[in-house]
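This is target_34.txt. It holds compact mmCIF, C-alpha atoms and all ligand atoms.
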```txt
# COMPACT_ATOMS: atom_id res chain seq x y z
CA MET A 206 -13.06 -3.68 2.88
CA TYR A 207 -11.20 -0.67 4.20
CA ILE A 208 -7.63 -1.54 5.12
CA ILE A 209 -4.66 0.40 6.46
CA LEU A 210 -1.25 -1.15 5.91
CA PHE A 211 0.80 0.21 8.75
CA GLY A 212 4.51 0.09 9.54
CA ALA A 213 7.87 1.82 9.22
CA PRO A 214 9.27 2.83 5.81
CA GLY A 215 10.64 -0.22 4.00
CA VAL A 216 8.58 -2.97 5.70
CA GLY A 217 6.87 -3.80 2.39
CA LYS A 218 3.58 -1.92 2.66
CA GLY A 219 3.66 -0.84 -0.99
CA THR A 220 4.48 -4.32 -2.31
CA GLN A 221 1.68 -5.93 -0.30
CA ALA A 222 -0.81 -3.13 -1.04
CA LYS A 223 -0.30 -3.61 -4.79
CA LYS A 224 -1.01 -7.35 -4.46
CA ILE A 225 -4.17 -6.81 -2.39
CA SER A 226 -5.33 -4.14 -4.82
CA LYS A 227 -4.97 -6.51 -7.77
CA ASP A 228 -6.54 -9.57 -6.09
CA TYR A 229 -9.43 -7.83 -4.31
CA GLY A 230 -10.14 -5.17 -6.97
CA ILE A 231 -9.89 -2.19 -4.62
CA PRO A 232 -7.60 0.83 -5.08
CA GLN A 233 -4.25 1.28 -3.35
CA ILE A 234 -3.87 4.79 -2.04
CA SER A 235 -0.26 5.63 -1.29
CA THR A 236 0.10 9.17 0.03
CA GLY A 237 3.85 9.00 -0.65
CA ASP A 238 3.17 8.19 -4.35
CA MET A 239 0.56 10.97 -4.53
CA LEU A 240 3.02 13.48 -3.07
CA ARG A 241 5.82 12.38 -5.41
CA GLU A 242 3.43 12.85 -8.35
CA ALA A 243 2.60 16.34 -7.06
CA VAL A 244 6.33 17.13 -6.81
CA ARG A 245 6.90 15.91 -10.39
CA GLY A 246 3.92 17.93 -11.62
CA LYS A 247 5.18 21.02 -9.74
CA THR A 248 1.71 21.62 -8.25
CA GLU A 249 1.22 23.95 -5.25
CA LEU A 250 1.15 20.90 -2.95
CA GLY A 251 4.27 19.49 -4.62
CA LYS A 252 6.16 22.75 -4.10
CA LYS A 253 5.23 22.78 -0.40
CA ALA A 254 6.02 19.08 0.12
CA GLU A 255 9.30 18.61 -1.77
CA ALA A 256 11.81 20.00 0.74
CA ILE A 257 9.95 18.42 3.68
CA MET A 258 10.05 14.99 2.00
CA ASN A 259 13.74 15.33 1.15
CA ARG A 260 14.45 16.03 4.83
CA GLY A 261 12.47 12.88 5.81
CA GLU A 262 9.94 14.88 7.82
CA LEU A 263 6.15 14.75 7.68
CA VAL A 264 4.04 16.97 5.44
CA PRO A 265 1.58 18.98 7.63
CA ASP A 266 -1.62 17.17 8.64
CA GLU A 267 -3.90 19.78 7.06
CA LEU A 268 -2.38 19.31 3.59
CA MET A 269 -2.51 15.52 3.94
CA LEU A 270 -6.13 15.55 5.05
CA ASN A 271 -7.20 17.68 2.09
CA LEU A 272 -5.44 15.25 -0.22
CA ILE A 273 -7.00 12.15 1.35
CA ARG A 274 -10.49 13.67 1.61
CA GLU A 275 -10.52 14.39 -2.11
CA ARG A 276 -9.16 10.93 -2.99
CA ILE A 277 -11.55 8.92 -0.79
CA SER A 278 -14.57 10.74 -2.18
CA ARG A 279 -13.90 9.37 -5.66
CA PRO A 280 -16.30 6.61 -6.82
CA ASP A 281 -13.62 3.89 -7.01
CA CYS A 282 -13.39 3.95 -3.17
CA ALA A 283 -17.07 3.10 -2.63
CA LYS A 284 -16.41 -0.62 -2.09
CA GLY A 285 -13.11 -0.43 -0.26
CA LEU A 286 -9.51 0.71 -0.45
CA ILE A 287 -6.05 0.10 0.94
CA LEU A 288 -4.19 2.96 2.56
CA ASP A 289 -0.42 2.79 2.40
CA GLY A 290 1.43 5.56 4.29
CA PHE A 291 -1.62 7.18 5.85
CA PRO A 292 -2.43 7.92 8.69
CA ARG A 293 1.01 8.85 10.01
CA THR A 294 -0.06 10.89 13.05
CA THR A 295 -2.84 10.42 15.61
CA PRO A 296 -4.70 13.57 14.41
CA GLN A 297 -4.67 12.07 10.86
CA ALA A 298 -6.21 8.85 12.27
CA GLU A 299 -8.88 10.78 14.18
CA GLU A 300 -9.83 12.93 11.19
CA LEU A 301 -9.89 9.89 8.91
CA SER A 302 -12.29 8.17 11.27
CA GLU A 303 -14.57 11.23 11.28
CA LEU A 304 -14.44 11.44 7.50
CA MET A 305 -15.49 7.77 7.16
CA GLY A 306 -18.42 8.44 9.51
CA GLU A 307 -19.49 11.50 7.49
CA MET A 308 -19.31 9.49 4.27
CA GLN A 309 -21.21 6.57 5.89
CA LEU A 310 -18.38 4.19 5.10
CA PRO A 311 -17.22 1.37 7.43
CA PRO A 312 -14.26 1.92 9.79
CA PHE A 313 -10.73 0.95 8.78
CA THR A 314 -8.92 -2.18 9.96
CA CYS A 315 -5.22 -1.62 10.59
CA ILE A 316 -2.65 -4.30 9.71
CA GLU A 317 0.85 -3.60 11.00
CA ILE A 318 3.85 -5.15 9.24
CA THR A 319 6.97 -5.39 11.42
CA VAL A 320 10.61 -5.80 10.34
CA PRO A 321 13.71 -5.33 12.58
CA ASN A 322 15.32 -1.90 12.24
CA GLU A 323 18.68 -3.10 10.89
CA LYS A 324 16.93 -5.05 8.10
CA ILE A 325 14.85 -1.99 7.20
CA ILE A 326 18.02 0.09 6.85
CA ASN A 327 19.54 -2.58 4.55
CA ARG A 328 16.38 -2.79 2.46
CA LEU A 329 16.01 0.98 2.02
CA SER A 330 19.68 1.64 1.31
CA SER A 331 19.66 -0.80 -1.60
CA ARG A 332 16.10 -0.30 -2.85
CA MET A 333 15.37 1.06 -6.31
CA THR A 334 11.96 2.34 -7.37
CA CYS A 335 10.10 3.05 -10.59
CA SER A 336 9.77 6.82 -10.83
CA GLN A 337 6.45 6.41 -12.64
CA CYS A 338 4.38 3.62 -10.98
CA GLY A 339 6.26 3.26 -7.66
CA LYS A 340 7.11 -0.44 -8.09
CA ASP A 341 9.99 -1.30 -5.77
CA TYR A 342 13.02 -3.27 -6.93
CA ASN A 343 15.14 -4.91 -4.24
CA PRO A 344 18.45 -5.96 -5.84
CA ALA A 345 18.66 -8.88 -3.36
CA ILE A 346 15.54 -10.48 -4.87
CA HIS A 347 14.88 -8.75 -8.20
CA GLN A 348 16.93 -8.65 -11.36
CA ILE A 349 17.25 -4.91 -12.10
CA PRO A 350 16.70 -4.50 -15.89
CA ALA A 351 19.91 -3.39 -17.63
CA ASP A 352 18.06 -0.56 -19.43
CA MET A 353 16.64 0.64 -16.05
CA LYS A 354 13.10 0.53 -17.47
CA CYS A 355 10.31 -0.71 -15.17
CA THR A 356 9.03 -4.16 -16.19
CA LYS A 357 5.48 -3.12 -15.28
CA CYS A 358 5.07 0.32 -16.86
CA GLY A 359 8.29 1.18 -18.73
CA GLY A 360 9.07 4.11 -16.40
CA THR A 361 12.66 4.81 -15.34
CA ILE A 362 14.00 2.93 -12.30
CA ILE A 363 15.72 5.28 -9.86
CA THR A 364 16.94 5.53 -6.27
CA ARG A 365 14.41 7.67 -4.40
CA SER A 366 15.89 10.98 -3.22
CA ASP A 367 14.91 10.15 0.39
CA ASP A 368 16.51 6.65 0.32
CA ASN A 369 19.95 7.90 1.48
CA ALA A 370 21.56 7.00 4.84
CA GLU A 371 20.87 10.30 6.59
CA THR A 372 17.24 10.63 5.49
CA ILE A 373 16.50 6.94 6.15
CA GLN A 374 17.57 7.39 9.80
CA LYS A 375 15.51 10.57 10.06
CA ARG A 376 12.42 8.82 8.62
CA LEU A 377 12.81 5.95 11.11
CA ASN A 378 13.07 8.43 14.00
CA VAL A 379 9.98 10.27 12.75
CA TYR A 380 8.17 6.94 12.47
CA ASN A 381 9.02 5.93 16.05
CA GLU A 382 8.09 9.32 17.50
CA GLN A 383 5.04 10.39 15.50
CA THR A 384 3.63 7.38 13.63
CA ALA A 385 4.10 4.28 15.82
CA PRO A 386 1.68 5.65 18.50
CA VAL A 387 -1.12 5.66 15.87
CA LYS A 388 -1.46 1.90 16.43
CA TYR A 389 -3.10 2.57 19.84
CA PHE A 390 -5.94 4.39 18.10
CA TYR A 391 -6.84 1.16 16.23
CA LYS A 392 -5.99 -1.17 19.14
CA ASP A 393 -8.43 0.74 21.35
CA LYS A 394 -11.11 0.16 18.73
CA GLY A 395 -10.28 -3.56 18.46
CA ARG A 396 -9.35 -3.15 14.79
CA PHE A 397 -5.63 -3.91 14.88
CA PHE A 398 -3.53 -6.86 13.66
CA SER A 399 0.24 -7.26 13.54
CA ILE A 400 2.25 -9.59 11.31
CA ASP A 401 5.92 -10.46 10.80
CA GLY A 402 7.18 -8.79 7.58
CA ASP A 403 10.65 -10.33 7.79
CA ARG A 404 9.64 -13.21 5.51
CA ASP A 405 9.22 -14.02 1.86
CA VAL A 406 6.74 -11.64 0.12
CA MET A 407 4.23 -14.48 -0.51
CA GLU A 408 4.35 -15.69 3.11
CA VAL A 409 3.57 -12.16 4.32
CA TYR A 410 0.76 -11.96 1.77
CA THR A 411 -0.72 -15.27 3.01
CA SER A 412 -0.86 -13.85 6.56
CA ILE A 413 -2.59 -10.71 5.27
CA SER A 414 -5.09 -12.77 3.24
CA GLU A 415 -5.99 -14.78 6.34
CA ILE A 416 -6.75 -11.58 8.24
CA LEU A 417 -8.77 -10.21 5.31
CA GLY A 418 -10.73 -13.49 5.15
CA GLY A 419 -11.70 -13.01 8.78
CA ILE A 420 -12.98 -9.46 8.41
CA ALA A 421 -14.61 -9.68 4.96
P1 LIG B 501 6.44 7.08 1.71
O1 LIG B 501 6.51 6.89 0.23
O2 LIG B 501 5.17 6.55 2.31
O3 LIG B 501 7.67 6.59 2.42
O4 LIG B 501 6.38 8.67 1.95
C1 LIG B 501 7.44 9.51 1.53
C2 LIG B 501 7.35 10.85 2.25
O5 LIG B 501 6.11 11.50 1.94
C3 LIG B 501 7.36 10.78 3.78
O6 LIG B 501 8.68 10.67 4.32
C4 LIG B 501 6.69 12.11 4.14
O7 LIG B 501 7.57 13.20 3.98
C5 LIG B 501 5.60 12.23 3.06
N1 LIG B 501 4.32 11.60 3.49
C6 LIG B 501 3.72 10.50 2.94
N2 LIG B 501 2.57 10.22 3.58
C7 LIG B 501 2.45 11.14 4.57
C8 LIG B 501 1.48 11.37 5.59
N3 LIG B 501 0.40 10.56 5.74
N4 LIG B 501 1.67 12.42 6.43
C9 LIG B 501 2.73 13.24 6.30
N5 LIG B 501 3.68 13.08 5.37
C10 LIG B 501 3.56 12.04 4.50
```
Kindly return the structure encoded in the file as structure tokens.
Ligand code: AMP
Amino acid sequence: MYIILFGAPGVGKGTQAKKISKDYGIPQISTGDMLREAVRGKTELGKKAEAIMNRGELVPDELMLNLIRERISRPDCAKGLILDGFPRTTPQAEELSELMGEMQLPPFTCIEITVPNEKIINRLSSRMTCSQCGKDYNPAIHQIPADMKCTKCGGTIITRSDDNAETIQKRLNVYNEQTAPVKYFYKDKGRFFSIDGDRDVMEVYTSISEILGGIA
């Protein structure tokens, strides 16, 4: 199954994508995580992306498409995958659809997770993240380890450089202007679902599993 988890920053796409990945045995592809890895590794892409990400803007479509094309052609994507953070513009959605056709893979189903804006701002301003595996720690529901080491991989838990008040607002504006319209691309194709993300993580996951059961 080929799934897009769609929604504003902080709605829980990463948390849910990791659960689906584990339970269904398909990879989670987070373009944000891939870019952060490129920034850490000081690759050409990382050097181009770093300042853009810190401003809360979008990395150009062409760079993103090269990244996603290379990733989707790897063998672990042959039976399905979950996209988290891609596509973020309508041209990205159109090119992704063409790429799937070229590779003779089935079309994506888009699942939107919605959370009210003020709750998103609260979540992002307090969120901490493993700098190595991307696991999110929300102090309201998780005990943050005293040694700041990730319980999953041992990486260091940090506050992401774009999780500050100014950049959070910018990212939400960018989402509303450039990313939210992407949903019409999938609605027009009859491959769009929307669920309430302002609930307990397991309740949200149950809603996603029901949708996945219907399209499997
Ligand atoms: P995320 O971890 O998904 O919140 O992404 C962090 C940042 O990476 C975003 O604010 C963008 O600057 C960049 N980014 C991630 N995915 C994309 C994408 N599909 N298109 C453009 N920029 C992206």
Within 8 Å of ligand LIG 501 (chain B), counting all atoms listed in the file, which protein or nucleic acid residues do you find, written as a PDB file with C-alpha atoms, keeping the file's coordinate frame?
```
ATOM      1  CA  PRO A 214       9.270   2.830   5.810  1.00  0.00           C
ATOM      2  CA  GLY A 215      10.640  -0.220   4.000  1.00  0.00           C
ATOM      3  CA  SER A 235      -0.260   5.630  -1.290  1.00  0.00           C
ATOM      4  CA  THR A 236       0.100   9.170   0.030  1.00  0.00           C
ATOM      5  CA  GLY A 237       3.850   9.000  -0.650  1.00  0.00           C
ATOM      6  CA  ASP A 238       3.170   8.190  -4.350  1.00  0.00           C
ATOM      7  CA  LEU A 240       3.020  13.480  -3.070  1.00  0.00           C
ATOM      8  CA  ARG A 241       5.820  12.380  -5.410  1.00  0.00           C
ATOM      9  CA  ALA A 254       6.020  19.080   0.120  1.00  0.00           C
ATOM     10  CA  ILE A 257       9.950  18.420   3.680  1.00  0.00           C
ATOM     11  CA  MET A 258      10.050  14.990   2.000  1.00  0.00           C
ATOM     12  CA  ASN A 259      13.740  15.330   1.150  1.00  0.00           C
ATOM     13  CA  ARG A 260      14.450  16.030   4.830  1.00  0.00           C
ATOM     14  CA  GLY A 261      12.470  12.880   5.810  1.00  0.00           C
ATOM     15  CA  GLU A 262       9.940  14.880   7.820  1.00  0.00           C
ATOM     16  CA  LEU A 263       6.150  14.750   7.680  1.00  0.00           C
ATOM     17  CA  VAL A 264       4.040  16.970   5.440  1.00  0.00           C
ATOM     18  CA  PRO A 265       1.580  18.980   7.630  1.00  0.00           C
ATOM     19  CA  ASP A 266      -1.620  17.170   8.640  1.00  0.00           C
ATOM     20  CA  MET A 269      -2.510  15.520   3.940  1.00  0.00           C
ATOM     21  CA  ASP A 289      -0.420   2.790   2.400  1.00  0.00           C
ATOM     22  CA  GLY A 290       1.430   5.560   4.290  1.00  0.00           C
ATOM     23  CA  PHE A 291      -1.620   7.180   5.850  1.00  0.00           C
ATOM     24  CA  PRO A 292      -2.430   7.920   8.690  1.00  0.00           C
ATOM     25  CA  ARG A 293       1.010   8.850  10.010  1.00  0.00           C
ATOM     26  CA  THR A 294      -0.060  10.890  13.050  1.00  0.00           C
ATOM     27  CA  GLN A 297      -4.670  12.070  10.860  1.00  0.00           C
ATOM     28  CA  ASP A 367      14.910  10.150   0.390  1.00  0.00           C
ATOM     29  CA  ARG A 376      12.420   8.820   8.620  1.00  0.00           C
TER      30      ARG A 376
END
```
Notebook entry, point to check: So how many Å separate CA of Ile316 (chain A) and CA of Tyr391 (chain A), to one decimal?
Noted result: 9.5 Å
Note to self: Between CA of Ile400 (chain A) and CA of Lys224 (chain A), what distance in Å does the model show, to one decimal?
What the structure shows: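 About the pair CA of Ile400 (chain A) and CA of Lys224 (chain A): they are 16.3 Å apart.
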Next item on the list: Have a look at A:Asn381, A:Gly395, A:Leu288, A:Gly360 and name the one nearest to Phe211 (chain A); count all atoms listed in the file.
Entry: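 Residue with the minimum atom-to-atom distance to Phe211 (chain A): A:Leu288.
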Check: Can you list, as a list of chain:residue names, every protein, DNA or RNA residue that comes within 10 Å of region 345-351 of chain A when you count all atoms listed in the file, leaving out same-chain residues fewer than 6 positions away?
Finding: A:Arg328, A:Ser331, A:Arg332, A:Met333, A:Ile362, A:Asp405
Provide region 378-389 of chain A rebuilt to all heavy atoms, formatted as a PDB file, in the coordinates of the input.
```
ATOM      1  N   ASN A 378      13.310   7.697  12.749  1.00  0.00           N
ATOM      2  CA  ASN A 378      13.070   8.430  14.000  1.00  0.00           C
ATOM      3  C   ASN A 378      11.666   9.041  14.000  1.00  0.00           C
ATOM      4  O   ASN A 378      10.944   8.957  14.988  1.00  0.00           O
ATOM      5  CB  ASN A 378      14.101   9.559  14.196  1.00  0.00           C
ATOM      6  CG  ASN A 378      15.502   9.003  14.389  1.00  0.00           C
ATOM      7  OD1 ASN A 378      15.678   7.823  14.663  1.00  0.00           O
ATOM      8  ND2 ASN A 378      16.508   9.856  14.236  1.00  0.00           N
ATOM      9  N   VAL A 379      11.312   9.654  12.867  1.00  0.00           N
ATOM     10  CA  VAL A 379       9.980  10.270  12.750  1.00  0.00           C
ATOM     11  C   VAL A 379       8.912   9.197  12.921  1.00  0.00           C
ATOM     12  O   VAL A 379       7.897   9.401  13.602  1.00  0.00           O
ATOM     13  CB  VAL A 379       9.836  11.000  11.384  1.00  0.00           C
ATOM     14  CG1 VAL A 379       8.398  11.352  11.083  1.00  0.00           C
ATOM     15  CG2 VAL A 379      10.708  12.250  11.354  1.00  0.00           C
ATOM     16  N   TYR A 380       9.141   8.027  12.334  1.00  0.00           N
ATOM     17  CA  TYR A 380       8.170   6.940  12.470  1.00  0.00           C
ATOM     18  C   TYR A 380       7.989   6.570  13.946  1.00  0.00           C
ATOM     19  O   TYR A 380       6.856   6.487  14.439  1.00  0.00           O
ATOM     20  CB  TYR A 380       8.609   5.696  11.664  1.00  0.00           C
ATOM     21  CG  TYR A 380       7.663   4.540  11.898  1.00  0.00           C
ATOM     22  CD1 TYR A 380       6.436   4.497  11.236  1.00  0.00           C
ATOM     23  CD2 TYR A 380       7.948   3.543  12.827  1.00  0.00           C
ATOM     24  CE1 TYR A 380       5.530   3.484  11.493  1.00  0.00           C
ATOM     25  CE2 TYR A 380       7.050   2.532  13.086  1.00  0.00           C
ATOM     26  CZ  TYR A 380       5.838   2.508  12.418  1.00  0.00           C
ATOM     27  OH  TYR A 380       4.930   1.522  12.688  1.00  0.00           O
ATOM     28  N   ASN A 381       9.115   6.366  14.643  1.00  0.00           N
ATOM     29  CA  ASN A 381       9.020   5.930  16.050  1.00  0.00           C
ATOM     30  C   ASN A 381       8.340   6.982  16.918  1.00  0.00           C
ATOM     31  O   ASN A 381       7.542   6.646  17.790  1.00  0.00           O
ATOM     32  CB  ASN A 381      10.412   5.617  16.613  1.00  0.00           C
ATOM     33  CG  ASN A 381      10.935   4.335  15.994  1.00  0.00           C
ATOM     34  OD1 ASN A 381      10.173   3.426  15.672  1.00  0.00           O
ATOM     35  ND2 ASN A 381      12.248   4.251  15.800  1.00  0.00           N
ATOM     36  N   GLU A 382       8.635   8.266  16.635  1.00  0.00           N
ATOM     37  CA  GLU A 382       8.090   9.320  17.500  1.00  0.00           C
ATOM     38  C   GLU A 382       6.647   9.681  17.162  1.00  0.00           C
ATOM     39  O   GLU A 382       5.831   9.859  18.046  1.00  0.00           O
ATOM     40  CB  GLU A 382       8.956  10.588  17.371  1.00  0.00           C
ATOM     41  CG  GLU A 382      10.282  10.452  18.111  1.00  0.00           C
ATOM     42  CD  GLU A 382      11.346  11.413  17.598  1.00  0.00           C
ATOM     43  OE1 GLU A 382      10.993  12.420  16.948  1.00  0.00           O
ATOM     44  OE2 GLU A 382      12.538  11.123  17.840  1.00  0.00           O
ATOM     45  N   GLN A 383       6.351   9.832  15.861  1.00  0.00           N
ATOM     46  CA  GLN A 383       5.040  10.390  15.500  1.00  0.00           C
ATOM     47  C   GLN A 383       4.053   9.360  14.954  1.00  0.00           C
ATOM     48  O   GLN A 383       2.853   9.530  15.096  1.00  0.00           O
ATOM     49  CB  GLN A 383       5.226  11.490  14.447  1.00  0.00           C
ATOM     50  CG  GLN A 383       6.093  12.632  14.963  1.00  0.00           C
ATOM     51  CD  GLN A 383       6.147  13.768  13.954  1.00  0.00           C
ATOM     52  OE1 GLN A 383       5.133  14.316  13.533  1.00  0.00           O
ATOM     53  NE2 GLN A 383       7.343  14.122  13.536  1.00  0.00           N
ATOM     54  N   THR A 384       4.559   8.302  14.308  1.00  0.00           N
ATOM     55  CA  THR A 384       3.630   7.380  13.630  1.00  0.00           C
ATOM     56  C   THR A 384       3.330   6.139  14.455  1.00  0.00           C
ATOM     57  O   THR A 384       2.156   5.733  14.538  1.00  0.00           O
ATOM     58  CB  THR A 384       4.193   7.000  12.235  1.00  0.00           C
ATOM     59  OG1 THR A 384       4.459   8.197  11.509  1.00  0.00           O
ATOM     60  CG2 THR A 384       3.213   6.149  11.456  1.00  0.00           C
ATOM     61  N   ALA A 385       4.342   5.542  15.089  1.00  0.00           N
ATOM     62  CA  ALA A 385       4.100   4.280  15.820  1.00  0.00           C
ATOM     63  C   ALA A 385       2.934   4.405  16.819  1.00  0.00           C
ATOM     64  O   ALA A 385       2.118   3.477  16.921  1.00  0.00           O
ATOM     65  CB  ALA A 385       5.388   3.824  16.508  1.00  0.00           C
ATOM     66  N   PRO A 386       2.785   5.556  17.541  1.00  0.00           N
ATOM     67  CA  PRO A 386       1.680   5.650  18.500  1.00  0.00           C
ATOM     68  C   PRO A 386       0.287   5.544  17.861  1.00  0.00           C
ATOM     69  O   PRO A 386      -0.694   5.282  18.568  1.00  0.00           O
ATOM     70  CB  PRO A 386       1.863   7.029  19.151  1.00  0.00           C
ATOM     71  CG  PRO A 386       3.297   7.385  18.921  1.00  0.00           C
ATOM     72  CD  PRO A 386       3.677   6.742  17.618  1.00  0.00           C
ATOM     73  N   VAL A 387       0.194   5.734  16.540  1.00  0.00           N
ATOM     74  CA  VAL A 387      -1.120   5.660  15.870  1.00  0.00           C
ATOM     75  C   VAL A 387      -1.752   4.282  16.071  1.00  0.00           C
ATOM     76  O   VAL A 387      -2.974   4.131  16.064  1.00  0.00           O
ATOM     77  CB  VAL A 387      -0.969   5.981  14.351  1.00  0.00           C
ATOM     78  CG1 VAL A 387      -2.244   5.708  13.588  1.00  0.00           C
ATOM     79  CG2 VAL A 387      -0.527   7.421  14.153  1.00  0.00           C
ATOM     80  N   LYS A 388      -0.896   3.255  16.296  1.00  0.00           N
ATOM     81  CA  LYS A 388      -1.460   1.900  16.430  1.00  0.00           C
ATOM     82  C   LYS A 388      -2.433   1.810  17.595  1.00  0.00           C
ATOM     83  O   LYS A 388      -3.388   1.044  17.560  1.00  0.00           O
ATOM     84  CB  LYS A 388      -0.358   0.843  16.526  1.00  0.00           C
ATOM     85  CG  LYS A 388       0.403   0.810  17.818  1.00  0.00           C
ATOM     86  CD  LYS A 388       1.418  -0.310  17.830  1.00  0.00           C
ATOM     87  CE  LYS A 388       2.670   0.068  17.092  1.00  0.00           C
ATOM     88  NZ  LYS A 388       3.800  -0.823  17.337  1.00  0.00           N
ATOM     89  N   TYR A 389      -2.209   2.644  18.659  1.00  0.00           N
ATOM     90  CA  TYR A 389      -3.100   2.570  19.840  1.00  0.00           C
ATOM     91  C   TYR A 389      -4.511   3.031  19.498  1.00  0.00           C
ATOM     92  O   TYR A 389      -5.475   2.581  20.099  1.00  0.00           O
ATOM     93  CB  TYR A 389      -2.497   3.353  21.017  1.00  0.00           C
ATOM     94  CG  TYR A 389      -1.169   2.752  21.396  1.00  0.00           C
ATOM     95  CD1 TYR A 389       0.028   3.385  21.091  1.00  0.00           C
ATOM     96  CD2 TYR A 389      -1.115   1.490  21.997  1.00  0.00           C
ATOM     97  CE1 TYR A 389       1.241   2.795  21.379  1.00  0.00           C
ATOM     98  CE2 TYR A 389       0.097   0.888  22.284  1.00  0.00           C
ATOM     99  CZ  TYR A 389       1.271   1.548  21.977  1.00  0.00           C
ATOM    100  OH  TYR A 389       2.469   0.946  22.255  1.00  0.00           O
TER     101      TYR A 389
END
```
